[in-house]
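A.B. asks: Provided herewith: my_file-v9.txt, compact mmCIF, C-alpha atoms.
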```
# COMPACT_ATOMS: atom_id res chain seq x y z
CA MET A 19 29.87 62.18 33.07
CA GLU A 20 29.28 58.58 32.00
CA GLN A 21 25.67 57.60 31.29
CA THR A 22 24.24 54.09 31.34
CA GLY A 23 20.93 52.69 30.17
CA THR A 24 18.25 53.02 27.50
CA HIS A 25 16.94 56.51 26.79
CA GLU A 26 16.86 59.36 24.29
CA LEU A 27 19.10 62.39 23.98
CA ARG A 28 17.97 65.43 21.98
CA LEU A 29 20.63 67.97 21.02
CA SER A 30 20.08 71.71 20.71
CA ASP A 31 19.92 71.50 16.88
CA GLY A 32 17.06 68.99 17.04
CA SER A 33 19.20 65.89 16.46
CA LEU A 34 17.83 62.80 18.23
CA LEU A 35 19.95 59.93 19.55
CA SER A 36 18.34 56.82 21.05
CA PHE A 37 20.67 54.79 23.27
CA HIS A 38 19.90 51.12 23.98
CA THR A 39 21.59 49.39 26.94
CA ALA A 40 24.54 51.64 26.31
CA ARG A 41 27.40 53.23 28.20
CA TYR A 42 28.46 56.61 26.87
CA ARG A 43 29.78 60.07 27.69
CA VAL A 44 28.54 63.33 26.16
CA GLU A 45 30.98 66.19 25.68
CA VAL A 46 28.58 68.88 24.55
CA ALA A 47 31.09 71.69 24.17
CA ASP A 48 33.09 69.68 21.67
CA ASN A 49 30.07 68.06 19.99
CA ARG A 50 31.54 64.69 20.86
CA ILE A 51 30.03 61.50 22.29
CA ALA A 52 32.09 58.54 23.48
CA LEU A 53 30.12 55.30 22.96
CA LEU A 54 31.78 52.71 25.21
CA ASP A 55 29.36 49.87 24.45
CA GLY A 56 25.76 49.32 23.39
CA ARG A 57 23.71 50.67 20.49
CA VAL A 58 22.77 54.17 19.38
CA GLU A 59 20.22 54.93 16.65
CA ALA A 60 20.44 58.53 15.50
CA THR A 61 18.87 61.10 13.20
CA ILE A 62 21.33 64.00 13.00
CA ALA A 63 20.37 67.43 11.69
CA LYS A 64 22.49 68.90 8.90
CA ARG A 65 25.62 70.65 10.16
CA LEU A 66 28.45 72.62 8.67
CA PRO A 67 31.37 70.35 7.74
CA GLU A 68 33.64 72.30 10.09
CA HIS A 69 31.30 71.61 13.06
CA PRO A 70 30.37 67.91 12.83
CA LEU A 71 29.07 65.65 15.54
CA VAL A 72 31.72 63.08 16.40
CA ILE A 73 30.91 59.72 18.01
CA VAL A 74 33.93 57.82 19.24
CA THR A 75 34.01 54.05 19.78
CA PRO A 76 37.00 51.91 20.79
CA GLN A 77 37.53 51.16 17.08
CA GLY A 78 37.45 54.70 15.67
CA GLU A 79 35.64 58.02 15.16
CA ALA A 80 32.41 58.55 13.22
CA THR A 81 32.14 62.07 11.80
CA ILE A 82 28.54 63.14 11.09
CA VAL A 83 27.16 66.22 9.37
CA GLY A 84 23.57 65.10 8.81
CA THR A 85 22.37 61.55 8.40
CA VAL A 86 20.37 58.61 9.80
CA PHE A 87 22.39 55.70 11.10
CA THR A 88 22.84 52.95 13.70
CA LEU A 89 26.13 52.49 15.52
CA VAL A 90 26.78 49.45 17.73
CA THR A 91 29.83 48.42 19.74
CA ASP A 92 30.74 45.96 22.49
CA GLY A 93 34.23 47.33 22.99
CA THR A 94 35.86 44.68 20.78
CA ALA A 95 34.06 45.48 17.51
CA THR A 96 31.94 48.27 16.04
CA VAL A 97 29.28 48.05 13.31
CA LEU A 98 27.94 51.14 11.51
CA ARG A 99 24.80 50.93 9.36
CA VAL A 100 23.83 54.06 7.41
CA SER A 101 20.24 54.64 6.29
CA GLU A 102 20.53 58.18 4.87
CA GLY A 103 23.45 60.40 3.95
CA THR A 104 27.08 59.53 4.55
CA VAL A 105 29.12 58.97 7.70
CA ARG A 106 32.88 59.08 7.72
CA PHE A 107 34.07 56.33 10.04
CA ALA A 108 37.73 55.53 10.72
CA ASN A 109 38.70 57.48 7.58
CA ARG A 110 36.21 55.63 5.39
CA ALA A 111 33.05 57.03 3.82
CA VAL A 112 30.02 54.82 4.52
CA SER A 113 27.01 55.77 2.40
CA ALA A 114 23.28 55.05 2.61
CA GLY A 115 22.51 51.33 2.44
CA GLU A 116 26.04 50.33 3.43
CA THR A 117 27.40 48.64 6.56
CA GLN A 118 30.93 48.77 7.95
CA LEU A 119 32.51 46.42 10.50
CA ILE A 120 35.67 47.37 12.35
CA ASP A 121 37.25 45.09 14.95
CA ASP A 122 40.70 44.38 16.35
CA LEU A 123 41.85 43.48 12.83
CA GLY A 124 40.76 46.84 11.44
CA PRO A 125 38.04 47.69 8.90
CA ALA A 126 36.49 44.88 6.88
CA THR A 127 37.21 45.11 3.17
CA ARG A 128 33.56 44.31 2.41
CA THR A 129 30.71 44.04 4.93
CA ILE A 130 27.50 42.11 4.17
CA TYR A 131 24.65 42.69 6.63
CA LEU A 132 21.94 40.06 7.18
CA ASP A 133 18.63 41.22 8.66
CA ALA A 134 16.84 38.50 10.65
CA ASN A 135 13.44 39.57 9.30
CA SER A 136 14.03 40.72 5.73
CA GLY A 137 17.18 38.84 4.79
CA PRO A 138 19.23 38.00 2.91
CA THR A 139 19.96 34.62 4.49
CA LEU A 140 23.42 33.08 4.71
CA ALA A 141 22.56 30.90 1.72
CA GLU A 142 21.86 34.01 -0.36
CA VAL A 143 25.13 35.84 0.24
CA ASP A 144 28.38 35.26 -1.62
CA GLN A 145 29.53 31.76 -0.64
CA HIS A 146 33.20 32.63 -1.21
CA LEU A 147 34.69 35.10 1.25
CA GLY A 148 37.94 36.81 0.33
CA PRO A 149 40.57 38.62 2.40
CA GLY A 150 38.93 40.99 4.88
CA ASP A 151 35.35 40.14 3.88
CA ALA A 152 32.81 40.15 6.72
CA VAL A 153 29.27 38.82 7.13
CA VAL A 154 27.38 40.48 10.01
CA LEU A 155 24.20 38.82 11.32
CA GLY A 156 21.79 41.32 12.84
CA PRO A 157 19.95 40.71 16.11
CA GLY A 158 17.16 38.13 16.22
CA THR A 159 16.65 34.60 14.90
CA HIS A 160 18.02 33.70 11.47
CA ARG A 161 17.40 30.70 9.26
CA SER A 162 20.48 29.71 7.29
CA SER A 163 18.40 29.40 4.11
CA ARG A 164 14.83 29.80 2.91
CA THR A 165 14.82 26.14 1.82
CA PRO A 166 14.36 23.86 4.85
CA ASP A 167 17.13 21.40 5.71
CA VAL A 168 19.62 22.54 3.07
CA PRO A 169 23.06 23.02 4.66
CA VAL A 170 24.81 26.29 3.88
CA LYS A 171 28.38 25.91 2.61
CA ILE A 172 30.78 28.85 2.81
CA THR A 173 34.41 28.84 1.69
CA SER A 174 36.96 31.31 3.01
CA GLN A 175 39.80 32.22 0.66
CA ALA A 176 41.38 34.82 2.92
CA SER A 177 44.88 35.37 4.32
CA ALA A 178 46.55 35.16 7.72
CA MET A 179 47.05 38.94 7.80
CA ASN A 180 43.52 39.69 6.59
CA PRO A 181 41.10 36.87 7.56
CA ALA A 182 37.43 36.72 6.69
CA ARG A 183 34.80 37.11 9.43
CA ILE A 184 31.29 35.82 10.14
CA THR A 185 30.01 37.61 13.22
CA ALA A 186 26.95 38.54 15.21
CA MET A 187 26.05 42.18 15.68
CA PRO A 188 27.88 43.37 18.81
CA SER A 189 25.84 43.77 22.02
CA ALA A 190 22.87 41.77 20.68
CA GLU A 191 21.66 38.17 20.80
CA THR A 192 21.91 36.56 17.40
CA ILE A 193 20.49 33.06 16.82
CA LEU A 194 21.09 30.79 13.82
CA ARG A 195 18.44 28.07 13.89
CA GLY A 196 18.82 24.71 12.15
CA GLY A 197 16.61 21.98 10.74
CA ASP A 198 17.15 18.23 10.48
CA GLN A 199 20.43 18.44 8.50
CA ASP A 200 23.76 20.14 9.16
CA LEU A 201 23.23 23.84 9.77
CA LEU A 202 26.46 25.42 8.50
CA GLN A 203 29.49 23.94 6.72
CA LEU A 204 32.73 25.91 6.48
CA THR A 205 35.91 25.20 4.57
CA GLY A 206 38.99 27.06 3.38
CA ASN A 207 41.55 29.18 5.19
CA HIS A 208 41.74 32.01 7.73
CA LEU A 209 38.23 32.61 9.04
CA ILE A 210 36.94 34.01 12.35
CA LEU A 211 33.44 33.11 13.58
CA THR A 212 32.17 35.18 16.52
CA GLY A 213 29.19 35.60 18.82
CA ILE A 214 26.49 33.40 17.23
CA ARG A 215 24.12 31.10 19.09
CA PHE A 216 23.47 27.92 17.06
CA ILE A 217 20.24 26.10 17.96
CA GLY A 218 19.26 22.70 16.52
CA ALA A 219 15.84 21.33 15.69
CA ALA A 220 16.59 18.09 17.63
CA THR A 221 14.30 16.19 15.24
CA GLY A 222 17.08 15.02 12.90
CA GLU A 223 20.68 13.89 13.12
CA GLY A 224 22.32 17.01 11.73
CA ASN A 225 25.26 18.84 13.27
CA GLY A 226 25.41 22.50 14.15
CA LEU A 227 28.71 23.57 12.60
CA VAL A 228 30.92 21.38 10.38
CA ILE A 229 34.42 22.58 9.51
CA ASP A 230 36.16 20.60 6.80
CA GLY A 231 39.75 20.84 5.58
CA ASN A 232 40.73 24.24 6.91
CA THR A 233 43.76 26.17 8.07
CA ASP A 234 43.65 28.84 10.79
CA PHE A 235 40.02 28.99 11.86
CA ARG A 236 39.03 30.79 15.06
CA ILE A 237 35.67 30.25 16.79
CA ARG A 238 34.92 32.76 19.56
CA ARG A 239 32.00 33.36 21.95
CA CYS A 240 29.58 30.97 20.20
CA ARG A 241 27.04 28.55 21.68
CA PHE A 242 25.88 25.24 20.16
CA GLU A 243 22.82 23.59 21.67
CA GLY A 244 20.07 21.08 20.98
CA PHE A 245 21.44 19.35 17.88
CA GLY A 246 20.64 15.74 17.04
CA GLY A 247 24.28 15.22 16.06
CA ASP A 248 27.35 17.12 17.22
CA GLY A 249 27.13 20.69 18.28
CA MET A 250 30.27 21.14 16.21
CA ASN A 251 32.69 18.82 14.44
CA THR A 252 35.82 19.30 12.38
CA HIS A 253 37.69 17.20 9.81
CA GLY A 254 41.26 17.70 8.62
CA VAL A 255 41.91 20.88 10.57
CA ASN A 256 45.31 22.59 10.77
CA GLY A 257 45.61 25.34 13.34
CA LEU A 258 42.28 25.72 15.15
CA ARG A 259 41.40 27.98 18.08
CA ILE A 260 38.06 27.68 19.90
CA GLU A 261 37.61 30.14 22.77
CA ASP A 262 34.81 31.04 25.18
CA CYS A 263 32.26 28.71 23.54
CA ALA A 264 29.53 26.44 24.94
CA PHE A 265 28.39 23.01 23.68
CA VAL A 266 25.23 22.13 25.58
CA GLY A 267 22.61 19.37 25.16
CA ASN A 268 23.69 17.95 21.79
CA GLY A 269 23.75 14.34 20.50
CA LEU A 270 20.00 14.05 21.00
CA ARG A 271 19.47 11.65 18.07
CA SER A 272 23.02 10.47 17.56
CA HIS A 273 23.57 7.31 15.49
CA TYR A 274 27.33 7.58 15.19
CA GLY A 275 28.67 8.65 18.53
CA GLN A 276 28.11 12.39 18.35
CA GLY A 277 28.10 14.67 21.37
CA GLY A 278 29.16 18.19 22.19
CA LEU A 279 32.37 18.89 20.25
CA SER A 280 34.16 16.34 18.03
CA LEU A 281 37.57 17.20 16.59
CA PHE A 282 39.13 15.01 13.89
CA LEU A 283 42.55 16.50 13.34
CA SER A 284 44.83 16.41 10.33
CA ALA A 285 48.29 14.90 10.41
CA GLY A 286 49.62 18.23 9.12
CA GLY A 287 50.98 21.10 11.13
CA GLY A 288 49.11 23.65 13.17
CA ASP A 289 48.41 23.31 16.87
CA THR A 290 44.89 23.31 18.32
CA VAL A 291 43.96 25.56 21.26
CA LEU A 292 40.69 25.05 23.17
CA ARG A 293 40.23 27.67 25.88
CA GLN A 294 37.33 28.47 28.24
CA LEU A 295 34.94 25.94 26.74
CA ARG A 296 31.78 24.69 28.46
CA CYS A 297 30.77 21.18 27.36
CA THR A 298 27.76 20.08 29.42
CA GLY A 299 24.64 17.92 29.20
CA ASN A 300 25.43 16.22 25.90
CA GLN A 301 23.70 12.87 25.32
CA THR A 302 24.23 9.50 23.65
CA GLY A 303 20.90 9.67 21.83
CA PRO A 304 18.02 7.14 21.90
CA THR A 305 19.15 5.43 18.68
CA ASN A 306 22.90 5.54 19.27
CA VAL A 307 24.86 2.76 17.54
CA ASN A 308 27.87 1.72 19.58
CA THR A 309 30.48 2.15 16.83
CA GLY A 310 33.46 1.97 19.20
CA ILE A 311 34.33 1.80 22.86
CA GLN A 312 35.06 5.53 22.94
CA SER A 313 32.06 6.94 21.07
CA GLY A 314 28.85 8.69 22.06
CA GLY A 315 27.52 11.44 24.29
CA HIS A 316 30.93 12.96 25.03
CA GLY A 317 31.57 16.52 26.03
CA LEU A 318 34.74 16.65 23.90
CA LEU A 319 36.19 14.03 21.55
CA ILE A 320 39.64 14.38 19.96
CA SER A 321 40.83 11.99 17.26
CA HIS A 322 42.48 12.04 13.81
CA ASP A 323 41.03 12.22 10.33
CA ASP A 324 43.54 10.10 8.42
CA ALA A 325 45.81 7.13 8.97
CA ILE A 326 48.56 9.17 10.64
CA VAL A 327 48.38 10.29 14.26
CA PRO A 328 48.47 14.12 14.42
CA GLY A 329 51.97 15.46 14.95
CA SER A 330 50.71 18.79 16.26
CA SER A 331 49.61 19.32 19.86
CA VAL A 332 46.25 20.10 21.47
CA LEU A 333 45.93 22.41 24.48
CA LEU A 334 42.76 22.27 26.59
CA ASP A 335 42.83 25.19 29.02
CA ASP A 336 40.40 26.49 31.68
CA CYS A 337 37.41 24.42 30.51
CA LEU A 338 34.35 22.92 32.20
CA ILE A 339 33.31 19.46 30.98
CA ALA A 340 30.44 18.15 33.11
CA ASP A 341 27.21 16.12 33.21
CA ASN A 342 27.63 14.48 29.81
CA GLU A 343 26.15 11.00 29.30
CA GLY A 344 29.34 9.81 27.63
CA PRO A 345 32.89 10.49 28.82
CA GLY A 346 33.79 14.08 29.49
CA LEU A 347 36.97 13.91 27.43
CA SER A 348 37.44 11.08 24.92
CA ILE A 349 40.75 10.74 23.04
CA ILE A 350 41.31 8.25 20.22
CA ASP A 351 44.73 8.01 18.55
CA ALA A 352 45.05 11.73 19.23
CA GLY A 353 48.75 12.17 19.96
CA MET A 354 49.70 14.63 22.71
CA ILE A 355 46.87 16.33 24.63
CA THR A 356 47.69 18.91 27.31
CA VAL A 357 44.93 19.56 29.88
CA ARG A 358 45.38 22.31 32.42
CA ARG A 359 43.14 24.28 34.83
CA CYS A 360 40.04 22.27 33.83
CA HIS A 361 37.06 20.83 35.73
CA ILE A 362 35.93 17.41 34.43
CA LEU A 363 32.98 16.30 36.57
CA ALA A 364 30.02 13.88 36.73
CA ASN A 365 30.31 12.51 33.20
CA GLY A 366 29.66 8.96 32.00
CA GLN A 367 26.09 8.64 33.27
CA GLY A 368 24.70 7.21 30.04
CA PRO A 369 23.75 3.66 29.00
CA VAL A 370 27.01 2.50 27.35
CA GLY A 371 29.27 0.74 29.85
CA ASP A 372 32.59 1.56 28.20
CA LEU A 373 31.74 5.27 28.35
CA LYS A 374 31.27 5.49 32.11
CA ALA A 375 34.34 7.60 32.89
CA GLN A 376 35.48 11.19 33.10
CA ILE A 377 38.38 10.68 30.67
CA THR A 378 38.77 7.78 28.24
CA GLY A 379 41.70 7.13 25.92
CA VAL A 380 42.78 4.48 23.42
CA PHE A 381 45.61 3.80 20.99
CA ASN A 382 48.31 6.43 20.51
CA SER A 383 46.99 9.05 22.95
CA HIS A 384 49.09 10.73 25.62
CA LEU A 385 47.84 13.07 28.33
CA SER A 386 49.60 15.81 30.26
CA LEU A 387 47.38 16.92 33.19
CA SER A 388 47.96 19.87 35.52
CA ASP A 389 45.87 21.95 37.95
CA THR A 390 42.78 19.98 36.93
CA VAL A 391 39.85 18.71 39.03
CA ILE A 392 38.33 15.34 38.10
CA ALA A 393 35.28 13.98 39.95
CA ALA A 394 33.46 10.68 39.36
CA ASP A 395 29.99 9.90 40.67
CA PRO A 396 29.18 6.33 41.84
CA GLY A 397 29.34 3.78 39.04
CA THR A 398 31.77 5.81 36.94
CA ASP A 399 35.56 5.98 36.78
CA LEU A 400 38.03 8.84 36.90
CA LEU A 401 40.16 7.53 34.02
CA ARG A 402 39.79 4.63 31.58
CA LEU A 403 42.91 4.34 29.45
CA TRP A 404 43.63 1.31 27.28
CA GLU A 405 47.32 0.82 26.53
CA PRO A 406 49.28 2.32 24.92
CA ALA A 407 47.22 5.40 25.86
CA ASN A 408 48.66 6.91 29.03
CA VAL A 409 49.11 9.88 31.35
CA GLY A 410 52.67 10.92 30.58
CA GLU A 411 52.80 13.82 33.02
CA ALA A 412 50.62 14.87 35.99
CA LYS A 413 51.06 17.76 38.40
CA ASP A 414 48.85 19.43 41.03
CA ASN A 415 45.61 17.64 40.08
CA GLN A 416 42.74 16.84 42.46
CA VAL A 417 40.26 13.97 42.30
CA TRP A 418 37.05 12.93 44.05
CA GLY A 419 35.06 9.69 43.82
CA GLY A 420 37.98 7.36 43.21
CA LYS A 421 41.51 6.53 44.21
CA PRO A 422 44.17 8.97 42.96
CA PRO A 423 45.51 7.29 39.80
CA GLY A 424 49.17 8.04 40.52
CA GLN A 425 51.65 10.78 41.32
CA GLY A 426 50.45 14.26 40.61
CA PHE A 427 46.92 13.55 41.94
CA THR A 428 45.55 14.18 45.44
CA SER A 429 42.11 13.45 46.93
CA LEU A 430 39.49 16.10 47.68
CA ASP A 431 37.54 15.94 50.94
CA ARG A 432 34.22 16.78 49.31
CA ARG A 433 32.58 16.59 45.92
CA PRO A 434 33.51 19.68 43.88
CA SER A 435 30.88 21.84 42.29
CA ALA A 436 31.05 23.02 38.73
CA LYS A 437 32.76 26.32 38.11
CA PRO A 438 30.38 29.25 37.56
```
Since I need it in another form, could you write the structure as structure tokens?
C.D. replies:
Amino acid sequence: MEQTGTHELRLSDGSLLSFHTARYRVEVADNRIALLDGRVEATIAKRLPEHPLVIVTPQGEATIVGTVFTLVTDGTATVLRVSEGTVRFANRAVSAGETQLIDDLGPATRTIYLDANSGPTLAEVDQHLGPGDAVVLGPGTHRSSRTPDVPVKITSQASAMNPARITAMPSAETILRGGDQDLLQLTGNHLILTGIRFIGAATGEGNGLVIDGNTDFRIRRCRFEGFGGDGMNTHGVNGLRIEDCAFVGNGLRSHYGQGGLSLFLSAGGGDTVLRQLRCTGNQTGPTNVNTGIQSGGHGLLISHDDAIVPGSSVLLDDCLIADNEGPGLSIIDAGMITVRRCHILANGQGPVGDLKAQITGVFNSHLSLSDTVIAADPGTDLLRLWEPANVGEAKDNQVWGGKPPGQGFTSLDRRPSAKP
């Protein structure tokens, strides 16, 4: 029978397992436990090798004959940390003092564990990650380095078949807290960043995450909040996926038009996919310098990082962009942008007149809009596009607070609310 909650289980041989916000099933006759999600900390009495305790997670089986360990899973990844003895997990021996991550890509080649209290910090681990390397941040609040306001720079030299990973411990809140400068700078190829909450100091102009000159980066289930600059920005990216992430309350001390998420794309290949993002409450900043008619306090800005308009496409799918002081979506010489199933609401409330719109676009920027809701409060516009920027295709969109801007748009009877 499936069990849920936080409690202890003592086996007949004296072994003790402590479950924390976990879902699991115990099969006593077979000495097997299925850990569906959550954390278990265990001290297992010595057993004969032919009668081990087996704990099964969605990523593999841990075979135990006497050890002390912690096993954590959220269904998509499992982390094993061994304190005493050895545990065989997914056909690998994990010894005392070692950590092993296994996710949908399989076992990490090398796993580095960071403890929020005792370290090491990100700045103290190997700054060059190779194929299959993984950095796991334990639960709690981390500083990126022991030296205040020194950005941490990590380069990934991995492969498409075996990317590097930087990830939070599954089923736990993991915070990476910044100072006045950029918090984390990433470069290189083939890296996945998962599950970390980035929090800014809001006293400086630094950004949360800066990605520079990369190929095939994936950002999943992260949150960026309270930075003086951008929550996240990229330069020269080729092939970027950002999924299920939030960019909330950034741009607090912006001088140069920062906001929630700013993407400066490369002219090279590699499409960009932005799915299930939440860009809300980003600000222009009290000292913002108006460096262009499209800059400042945006939820999402898309532009290019060199003299050539990006030839690759950008897909914005199932996103909420709302309550930003600048435009919700700002596109500058960005090429083709496809927006579908999005809610873009109540943006453009800040002090800069040219930013008072839900979507703004200039130069060589072309929009395809479908199944999207756009709502403008009084004093703001639905769209502000300066030629040659245009809406090339529109289908099944709904608007409130302004006249439908053409075919493919219909009016709503009432002001829409933000999606949950």
A.B. asks: Counting all atoms listed in the file, which residues of segment 175-224 of chain A sit at most 12 Å from some atom of segment 40-58 of chain A, and what is each one's closest atom pair with its distance in Å to one decimal, listed by chain and rising residue number, as a tab-separated table?
C.D. replies:
```
residue	atom	partner	partner_atom	distance
A:Met187	CA	A:Arg57	CA	10.0
A:Pro188	CA	A:Gly56	CA	7.8
A:Ser189	CA	A:Gly56	CA	5.7
A:Ala190	CA	A:Gly56	CA	8.5
```
A.B. asks: Can you write just those residues out, C-alpha atoms, as a PDB file, in the coordinates of the input?
C.D. replies:
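Below is the file that was written, again21.pdb:
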```
ATOM      1  CA  MET A 187      26.050  42.180  15.680  1.00  0.00           C
ATOM      2  CA  PRO A 188      27.880  43.370  18.810  1.00  0.00           C
ATOM      3  CA  SER A 189      25.840  43.770  22.020  1.00  0.00           C
ATOM      4  CA  ALA A 190      22.870  41.770  20.680  1.00  0.00           C
TER       5      ALA A 190
END
```
A.B. asks: Using only C-alpha atoms, which of A:Arg106, A:Arg164, A:His25, A:Arg183 sits nearest His146 of chain A?
C.D. replies: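 Closest residue, counting only C-alpha atoms: A:Arg183.
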A.B. asks: Can you tell me which residues surround Ile320 of chain A at a distance of at most 12 Å, considering all atoms listed in the file, apart from same-chain residues fewer than 6 positions away, and format the answer as a ChimeraX atom specification?
C.D. replies: /A:251-255,276-284,290,292,312-313,327-328,331-334,345-356,377-380,382-385
A.B. asks: What's around segment 150-158 of chain A at 7 Å? Count only C-alpha atoms, leave out sequence neighbours fewer than 4 positions away in its own chain, and write the answer as a list in words.
C.D. replies: Ala126, Thr127, Arg128, Thr129, Ile130, Tyr131, Leu132, Asp133, Ala134, Ala176, Asn180, Pro181, Ala182, Arg183, Ile184, Thr185, Ala186, Met187, Ala190, Glu191, Thr192 and Ile193 of chain A
A.B. asks: So what do you get for atom CA of Asp399 of chain A versus atom CA of Ala375 of chain A, distance-wise?
C.D. replies: 4.4 Å
A.B. asks: Pick out the residues sitting within 8 Å of Gly419 of chain A, and hand them over as a ChimeraX atom specification; count all atoms listed in the file, and ignore anything fewer than 4 positions along from it in its own chain.
C.D. replies: /A:393-396,399-400,433
